[in-house]
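S.K.: Would you mind keeping the following structure in view while I ask a few things?
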Amino acid sequence: MVVKPSTDDILKKYGAKIESQMKGYNKAGQQSSEVGGKFSQSYEKFRSSMSPEFTRYERWCKSLGNSFKIKVGEKDRARIEKNIGVAHLNVTASEVVVFSTVLLFLTLFGGILFFVATWLLTDVFSGMFLFLVFALGIFLFFYSSKTPERLAMKWRLKASSQMVPAILYIVVYMKHTSNFEKAVSFASEHLQPPLSLDFRKIFWDVEVGKFSTIKESVDNYLIGWKDYSMEFVEAFHLIESSLYEPNEGRRVNVLEKSLQVILDGVYDKMLKYTHEVKAPLTNIYMLGIVLPTLSLAILPLASTMMGGSIKWYHVALVFNIIIPFMVVYMTGKVMAERPGGHGESSLLEKNPLYAQYKSNAAYGKAILMALPLFLIGLIPFLWRYTDIPLWLGTTRDYSWSQLGLGFMGGGGAFGIVSSTGVLYGPSGALALLLSLFIPISVALVFIVVFKAKTKEILKTRKQYKDVEKEFTSSLFQLGNRIGDGMPAEIAFAKVSESTKGTATEGFFRIVNENIQQLGMSLERALFDPKRGAVVFYPSQLVGTSMRILVESVKKGLQVAARSLMAISDYVKNIKKINERLNDLLADIISDMKSNMTFLAPLLSGIIIGLAGMISAILGSLGAMFEGGDLGSGAADGIGGIGNLLGMFDPVLMLPTYWLQIAIGIYLIEVVFILTSTLVTISAGRDPLQTTAEIGNNLRKSIILYTIVATASVVGLTLIGAVALANLA
C-alpha cells in the first residue's frame with residue numbers, strides 16, 4: 001500500500017529543493033553554525049589583508065613587548081584592550097605599554113649618547129638640546145601608547161560610514177526572508193571593509209565557541225558601539241525584535257522603522273557636531289598655526305640675547321616635529337568625536353584605476369622637476385658650509401653694490417659673516433629669497449605626484465557619482481516594471497530605452513547588451529568580471545542595488561519590486577540628509593580652508609620678511625658701528641648704542657636661511673594635517689579625496705606664501721636700507 005505524502009512532506013521536499021537552487025547562504029540540511037563557516041574561515045586571511053600600518057605596529061609590539069612584562073592597571077588595561085578589539089589588533093595591553101616604555105628609553109638613551117658625544121668632541125654644552133630630547137622622549141611615549149586608540153578611531157570612522165548600508169542590507173534581506181543569521185551573512189558578504197570584517201568576526205566568535213548563537217555574538221559586538229553610535233545599536237535591536245512579530249505587516253514595519261531610526265540618529269548627531277566643532281578647529285588654528293608663526297619673528301633676537309644657544313636644528317625640531325605632532329593630536333581629538341553613519345563609503349580598491357592611484361611612478365618625474373629648484377635653494381648653504389666658492393675663485397659673500405643693487409643696503413647679499421675665523425649665517429636677503437626654493441621644491445613633488453595619482457580616478461568617480469544622482473528614478477522605473485510582472489531581463493531593456501540621454505543610460509545599455517547579444521544571465525550581465533555593468537560603474541549604490549535585485553528575483557518578482565522600491569526610498573532619504581549636512585558643514589569647512597590656504601601662508605610670508613629685516617638692520621648697524629660709519633650726531637643722539645648692539649651680536653643670530661626653510665616645511669605639514677582633518681569631518685575617511693585636496697591646497701598655499709614672502713623680504717629690506725642710509 002502506497003502511503004500518500006502529507007502537505008508538510010511536500011513543503012519540506014520542494015522547499016529544500018528551492019533553497020538548494022537559490023545559491024543562497026546556506027545549503028539544505030546544514031546546521032546553523034555552518035552558515036557562518038563560509039565567512040569565519042576567511043576571517044584571519046581577510047584581517048591580514050587590511051592596512052599594513054596595523055601589521056607593522058603589531059610586529060613592533062610583539063618584538064619589543066616580549067623583552068619584559070609590565071603590569072597594567074585594571075582601568076588602563078580595560079581601555080587599551082577595548083581599543084585593541086575595535087582595531088582588530090593582535091597584541092596585548094602589556095605589549096603596548098612595554099613598546100611605549102622601550103621607545104621612551106631608546107629615545108632618551110640615544111639622545112643623551114649623542115649629546116655626550118657632541119659635548120666631548122666640540123666642548124659645547126647645549127641645555128636646549130637636552131631639554132628637547134627629554135620632551136621628545138616623553139611625547140613619543142604618550143603618542144605610541146595612544147596608537148591603539150588612534151587606530152580604533154580610524155577603524156570607526158571608516159566603519160561608521162557603512163552603518164546605514166549595513167542596516168539597509170539586513171532590512172531588505174529580512175523583508176523577504178525572516179532569517180537574522182542569513183541576513184547578517186548577506187551583509188557580511190557584500191559590505192566593504194572594515195565593517196564587513198566586523199561582521200565576519202561575529203561568525204568567527206561563534207565558530208571558536210566564544211558564543212553559542214549569532215544573536216549573542218551580535219549583542220556583544222554592539223556593546224562597543226553604545227558610546228559611539230547608539231542609533232546603530234537601536235536599529236539592530238529593532239531588527240532582532242522583528243523576529244518575534246507574529247503579524248507580517250508589523251514585522252515589515254519594524255524593519256522599516258529600524259532603517260529610519262539610524263537615518264534620524266545620524267542626522268541629529270551630525271547636526272549637533274557641526275555646532276560643536278567650530279570652536280576646537282579655531283583653537284587648533286590659533287595654537288597650531290598663528291602663535292607658532294608669530295613666535296618666529298622674535299627668534300633672531302632671542303637667539304642673540306641667549307648667546308646663540310638657539311640653533312637652527314632646535315627650531316627645525318620644534319616646528320617640524322613637535323608642533324606638527326601637537327596639531328595631529330588636537331585634530332585627532334576633533335575627528336574622534338565625529339559621529340558615525342555619514343560620509344564617503346565607496347571602496348577605493350574596487351575602482352579599476354586603483355593601480356594608478358597606488359603607483360609611485362610619478363615620484364621619479366616629480367623629483368626630476370623639483371631637483372633644479374632644490375639645488376638653487378642650496379646655493380647659500382654650499383657657499384657657507386663648503387669650499388665650493390674657494391674652488392671657483394670667488395668670495396663666500398657679495399655686497400649688494402657688487403651685484404649692482406646698491407639700493408638694497410650695504411650688507412652682504414648672503415649675510416655670511418666671518419668672526420675670528422668662524423663663519424656665521426647665512427642671514428642676508430638674497431639667501432632668504434633663495435631659501436624659498438627649498439619648500440617650493442618639496443611642495444612641487446607632492447603637487448605633481450598627487451595630481452598624477454588622482455586626476456583620472458577622480459574623473460571616473462565623478463562619472464559614477466553623476467549616475468548615482470539619477471539612479472533613484474531609474475530604480476523606481478525598474479521596480480515598477482518588475483512589479484507589473486515583467487521579467488527582470490526584459491525590464492532592463494525597457495528602462496534602457498527610457499533613460500536615453502541621461503547619465504544612467506550607459507549602465508542599463510551594457511546590461512541589456514550582455515543579456516540580448518551575449519546571452520548572459522542577469523547575474524553575469526551585472527557582475528561578470530570582464531563585461532559586467534557593475535565593473536564599469538564601481539559605485540556602492542549601484543553594486544548594492546543590483547546585488548539585492550539578483551537575490552530578490554530568486555524569491556519572486558514582487559519581492560524584487562518591493563526591494564527596489566525600498567532602496568529607492570532609502571536613497572532619497574540619505575540624499576536629503578547628506579545635502580543638509582553638507583550645508584551645515586559648509587561654513588566650518590570654508591572658514592578653515594580659507595585660514596589654511598590664505599591666512600596661514602600670508603602670515604608666514606610677512607613674518608619671514610620681518611625676520612629678514614631685523615637681521616639685516618642689526619647686521620648693518622653692527623658693521624657700521626665697528627667701521628665708524630655712523631655720523632657723530634647720530635652716535636651722540638643714540639647714546640649707548642654700542643652697549644645695546646652688544647646684546648644683539650649679529651654673529652650669534654639665528655640664520656634666517658634656516659628659519660625660512662623650517663617655516664616653509666611647517667606650512668607644508670600644516671596643509672597635510674588640516675586638509676586630512678577637514679576631509680574626514682565632511683566625508684569620513686576618504687583617502688582619494690584627501691590626496692586630491694592636499695595637492696590642490698598645497699599648490700594654493702605655496703604660491704601665495706612664495707609671493708608674499710618675496711614681496712615682504714624685498715620691501716622690508718628696502719625700508720631697512722633707507723632707514724640705515726638716513727642714520728649714517
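Ordering of the C-alpha cells sets the chain letters (A, B, ...); residue numbers start at 1 within each chain; ligands are numbered from 1 in the order shown.
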Please identify the alpha helix (DSSP H) residues within range 305-515 of chain A (assignment by DSSP from backbone atoms) and present them as number ranges by chain.
M.R.: A: 305, 312-317, 323-336, 354-358, 362-377, 379-385, 388-391, 429-435, 437-483, 488-498, 505-515
S.K.: Give me, as a count of residues only, all polymer residues having an atom no more than 10 Å from range 594-602 of chain A, counting only C-alpha atoms and skipping those fewer than 4 positions away in the same chain.
M.R.: 33
S.K.: Using only C-alpha atoms, which residues sit within 10 Å of Val233 in chain A once same-chain residues fewer than 2 positions away are excluded, as an mmCIF file with N, CA and C atoms, in the first residue's frame?
M.R.:
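Wrote out.cif, looks like this:
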```
data_model
loop_
_atom_site.group_PDB
_atom_site.id
_atom_site.type_symbol
_atom_site.label_atom_id
_atom_site.label_comp_id
_atom_site.auth_asym_id
_atom_site.auth_seq_id
_atom_site.Cartn_x
_atom_site.Cartn_y
_atom_site.Cartn_z
ATOM 1 N N VAL A 218 26.326 39.055 18.093
ATOM 2 C CA VAL A 218 25.957 40.391 17.617
ATOM 3 C C VAL A 218 25.764 41.335 18.800
ATOM 4 N N ASP A 219 25.063 40.885 19.836
ATOM 5 C CA ASP A 219 24.828 41.734 21.010
ATOM 6 C C ASP A 219 26.141 42.125 21.673
ATOM 7 N N TYR A 221 29.014 42.377 20.116
ATOM 8 C CA TYR A 221 29.664 43.315 19.200
ATOM 9 C C TYR A 221 29.083 44.722 19.342
ATOM 10 N N LEU A 222 27.780 44.801 19.541
ATOM 11 C CA LEU A 222 27.122 46.106 19.626
ATOM 12 C C LEU A 222 27.497 46.881 20.884
ATOM 13 N N ILE A 223 28.009 46.175 21.900
ATOM 14 C CA ILE A 223 28.428 46.874 23.125
ATOM 15 C C ILE A 223 29.500 47.913 22.810
ATOM 16 N N GLY A 224 30.371 47.596 21.873
ATOM 17 C CA GLY A 224 31.441 48.520 21.513
ATOM 18 C C GLY A 224 30.961 49.776 20.813
ATOM 19 N N TRP A 225 29.722 49.772 20.306
ATOM 20 C CA TRP A 225 29.186 50.936 19.601
ATOM 21 C C TRP A 225 28.255 51.776 20.471
ATOM 22 N N LYS A 226 27.975 51.341 21.685
ATOM 23 C CA LYS A 226 26.999 52.060 22.517
ATOM 24 C C LYS A 226 27.430 53.478 22.824
ATOM 25 N N ASP A 227 28.719 53.672 23.068
ATOM 26 C CA ASP A 227 29.206 55.011 23.402
ATOM 27 C C ASP A 227 29.496 55.850 22.167
ATOM 28 N N TYR A 228 29.402 55.248 21.001
ATOM 29 C CA TYR A 228 29.809 55.937 19.786
ATOM 30 C C TYR A 228 28.659 56.150 18.802
ATOM 31 N N SER A 229 27.807 55.164 18.648
ATOM 32 C CA SER A 229 26.700 55.264 17.693
ATOM 33 C C SER A 229 25.514 54.468 18.226
ATOM 34 N N MET A 230 24.775 55.090 19.128
ATOM 35 C CA MET A 230 23.647 54.412 19.755
ATOM 36 C C MET A 230 22.554 54.101 18.748
ATOM 37 N N GLU A 231 22.410 54.930 17.708
ATOM 38 C CA GLU A 231 21.368 54.679 16.724
ATOM 39 C C GLU A 231 21.621 53.379 15.958
ATOM 40 N N ALA A 235 18.958 50.342 15.961
ATOM 41 C CA ALA A 235 18.470 49.777 14.700
ATOM 42 C C ALA A 235 18.632 48.258 14.686
ATOM 43 N N PHE A 236 19.755 47.781 15.192
ATOM 44 C CA PHE A 236 19.988 46.331 15.241
ATOM 45 C C PHE A 236 18.986 45.654 16.177
ATOM 46 N N HIS A 237 18.722 46.269 17.311
ATOM 47 C CA HIS A 237 17.777 45.675 18.260
ATOM 48 C C HIS A 237 16.365 45.648 17.696
ATOM 49 N N LEU A 238 16.000 46.654 16.917
ATOM 50 C CA LEU A 238 14.693 46.631 16.257
ATOM 51 C C LEU A 238 14.623 45.494 15.242
ATOM 52 N N ILE A 239 15.713 45.290 14.533
ATOM 53 C CA ILE A 239 15.747 44.183 13.564
ATOM 54 C C ILE A 239 15.572 42.850 14.283
ATOM 55 N N SER A 258 13.568 50.469 11.779
ATOM 56 C CA SER A 258 14.989 50.377 12.139
ATOM 57 C C SER A 258 15.843 51.208 11.191
ATOM 58 N N VAL A 261 15.325 54.832 12.055
ATOM 59 C CA VAL A 261 15.988 55.185 13.322
ATOM 60 C C VAL A 261 17.438 55.563 13.093
ATOM 61 N N ILE A 262 18.148 54.783 12.289
ATOM 62 C CA ILE A 262 19.568 55.092 12.085
ATOM 63 C C ILE A 262 19.739 56.338 11.222
#
```
S.K.: Would you mind listing what lies within 6 Å of range 423-433 of chain A as a PyMOL selection string, with only C-alpha atoms counted and same-chain residues fewer than 6 positions away left out?
M.R.: chain A and resi 380+413-417+651+655-657
S.K.: Go ahead and save the picked residues with N, CA and C atoms, as a PDB file, in the first residue's frame.
M.R.:
```pdb
ATOM      1  N   PRO A 380      73.101  79.151  -1.054  1.00  0.00           N
ATOM      2  CA  PRO A 380      73.653  79.762   0.177  1.00  0.00           C
ATOM      3  C   PRO A 380      74.267  78.730   1.117  1.00  0.00           C
ATOM      4  N   ALA A 413      74.864  90.208   0.514  1.00  0.00           N
ATOM      5  CA  ALA A 413      73.633  89.656  -0.051  1.00  0.00           C
ATOM      6  C   ALA A 413      73.286  88.316   0.603  1.00  0.00           C
ATOM      7  N   PHE A 414      74.300  87.501   0.874  1.00  0.00           N
ATOM      8  CA  PHE A 414      74.071  86.217   1.533  1.00  0.00           C
ATOM      9  C   PHE A 414      74.054  86.347   3.055  1.00  0.00           C
ATOM     10  N   GLY A 415      74.671  87.390   3.583  1.00  0.00           N
ATOM     11  CA  GLY A 415      74.716  87.564   5.028  1.00  0.00           C
ATOM     12  C   GLY A 415      75.626  86.568   5.709  1.00  0.00           C
ATOM     13  N   ILE A 416      76.694  86.150   5.012  1.00  0.00           N
ATOM     14  CA  ILE A 416      77.673  85.233   5.606  1.00  0.00           C
ATOM     15  C   ILE A 416      78.764  86.079   6.263  1.00  0.00           C
ATOM     16  N   VAL A 417      78.901  85.956   7.582  1.00  0.00           N
ATOM     17  CA  VAL A 417      79.812  86.800   8.354  1.00  0.00           C
ATOM     18  C   VAL A 417      80.953  85.946   8.885  1.00  0.00           C
ATOM     19  N   VAL A 651      76.570  87.882  14.840  1.00  0.00           N
ATOM     20  CA  VAL A 651      77.170  86.576  14.570  1.00  0.00           C
ATOM     21  C   VAL A 651      76.496  85.471  15.378  1.00  0.00           C
ATOM     22  N   PRO A 655      70.359  82.106  11.837  1.00  0.00           N
ATOM     23  CA  PRO A 655      70.319  82.401  10.395  1.00  0.00           C
ATOM     24  C   PRO A 655      68.902  82.345   9.847  1.00  0.00           C
ATOM     25  N   THR A 656      68.500  83.412   9.180  1.00  0.00           N
ATOM     26  CA  THR A 656      67.150  83.443   8.611  1.00  0.00           C
ATOM     27  C   THR A 656      66.998  82.447   7.466  1.00  0.00           C
ATOM     28  N   TYR A 657      68.088  82.013   6.885  1.00  0.00           N
ATOM     29  CA  TYR A 657      68.039  80.988   5.834  1.00  0.00           C
ATOM     30  C   TYR A 657      67.378  79.727   6.366  1.00  0.00           C
TER      31      TYR A 657
END
```
S.K.: With a distance cut-off of 10 Å and only C-alpha atoms, select the neighbouring residues of Lys154 in chain A, excluding the residue or stretch itself and same-chain residues fewer than 2 positions from it, and output the selection as number ranges by chain.
M.R.: A: 86-87, 148-152, 156-160, 332, 335-336, 680, 684-685
S.K.: Which residues of range 390-504 of chain A sit at most 12 Å from range 526-541 of chain A, using only C-alpha atoms? Give each one's shortest atom pair and distance in Å (one decimal place), in chain and ascending residue order, as a Markdown table.
M.R.:
```
| residue | atom | partner | partner_atom | distance |
| --- | --- | --- | --- | --- |
| A:Ile457 | CA | A:Pro538 | CA | 11.1 |
| A:Lys459 | CA | A:Tyr537 | CA | 12.0 |
| A:Thr460 | CA | A:Tyr537 | CA | 8.3 |
| A:Arg461 | CA | A:Ser539 | CA | 8.1 |
| A:Lys462 | CA | A:Ser539 | CA | 10.4 |
| A:Gln463 | CA | A:Tyr537 | CA | 8.2 |
| A:Tyr464 | CA | A:Tyr537 | CA | 5.8 |
| A:Lys465 | CA | A:Ser539 | CA | 7.6 |
| A:Asp466 | CA | A:Ser539 | CA | 10.4 |
| A:Val467 | CA | A:Tyr537 | CA | 8.4 |
| A:Glu468 | CA | A:Leu541 | CA | 7.0 |
| A:Lys469 | CA | A:Leu541 | CA | 10.2 |
| A:Glu470 | CA | A:Leu541 | CA | 11.4 |
| A:Phe471 | CA | A:Leu541 | CA | 8.6 |
| A:Thr472 | CA | A:Leu541 | CA | 9.7 |
| A:Leu475 | CA | A:Leu541 | CA | 10.8 |
| A:Ala488 | CA | A:Leu526 | CA | 11.9 |
| A:Glu489 | CA | A:Leu526 | CA | 11.0 |
| A:Phe492 | CA | A:Leu526 | CA | 11.0 |
| A:Ala503 | CA | A:Tyr537 | CA | 11.1 |
| A:Thr504 | CA | A:Tyr537 | CA | 9.8 |
```
S.K.: Considering only C-alpha atoms, can you say which of A:Ile202, A:Val542, A:Ala183, A:Val449 comes closest to Ala361 in chain A?
M.R.: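 Using only C-alpha atoms, the shortest distance to Ala361 in chain A belongs to A:Val449.
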S.K.: In Å to one decimal, how far is CA of Ser144 in chain A from CA of Leu103 in chain A?
M.R.: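 Atom-to-atom, CA of Leu103 in chain A and CA of Ser144 in chain A are spaced 8.2 Å apart.
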S.K.: What is the distance between CA of Ile284 in chain A and CA of Leu678 in chain A, in Å to one decimal?
M.R.: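 Between these atoms lies a distance of 12.2 Å.
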S.K.: When you count only C-alpha atoms, which of these residues is closest to Tyr244 in chain A: A:Ser178, A:Val328, A:Ile567, A:Gly393?
M.R.: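 Of the candidates, the smallest distance to Tyr244 in chain A is held by A:Ser178.
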S.K.: For a test of reading the model, state the distance in Å between CA of Val184 in chain A and CA of Lys210 in chain A, rounded to one decimal.
M.R.: 17.9 Å
S.K.: Between A:Arg384, A:His176, A:Lys146, A:Lys576, single out the one closest to Asp397 in chain A, counting only C-alpha atoms.
M.R.: A:Arg384
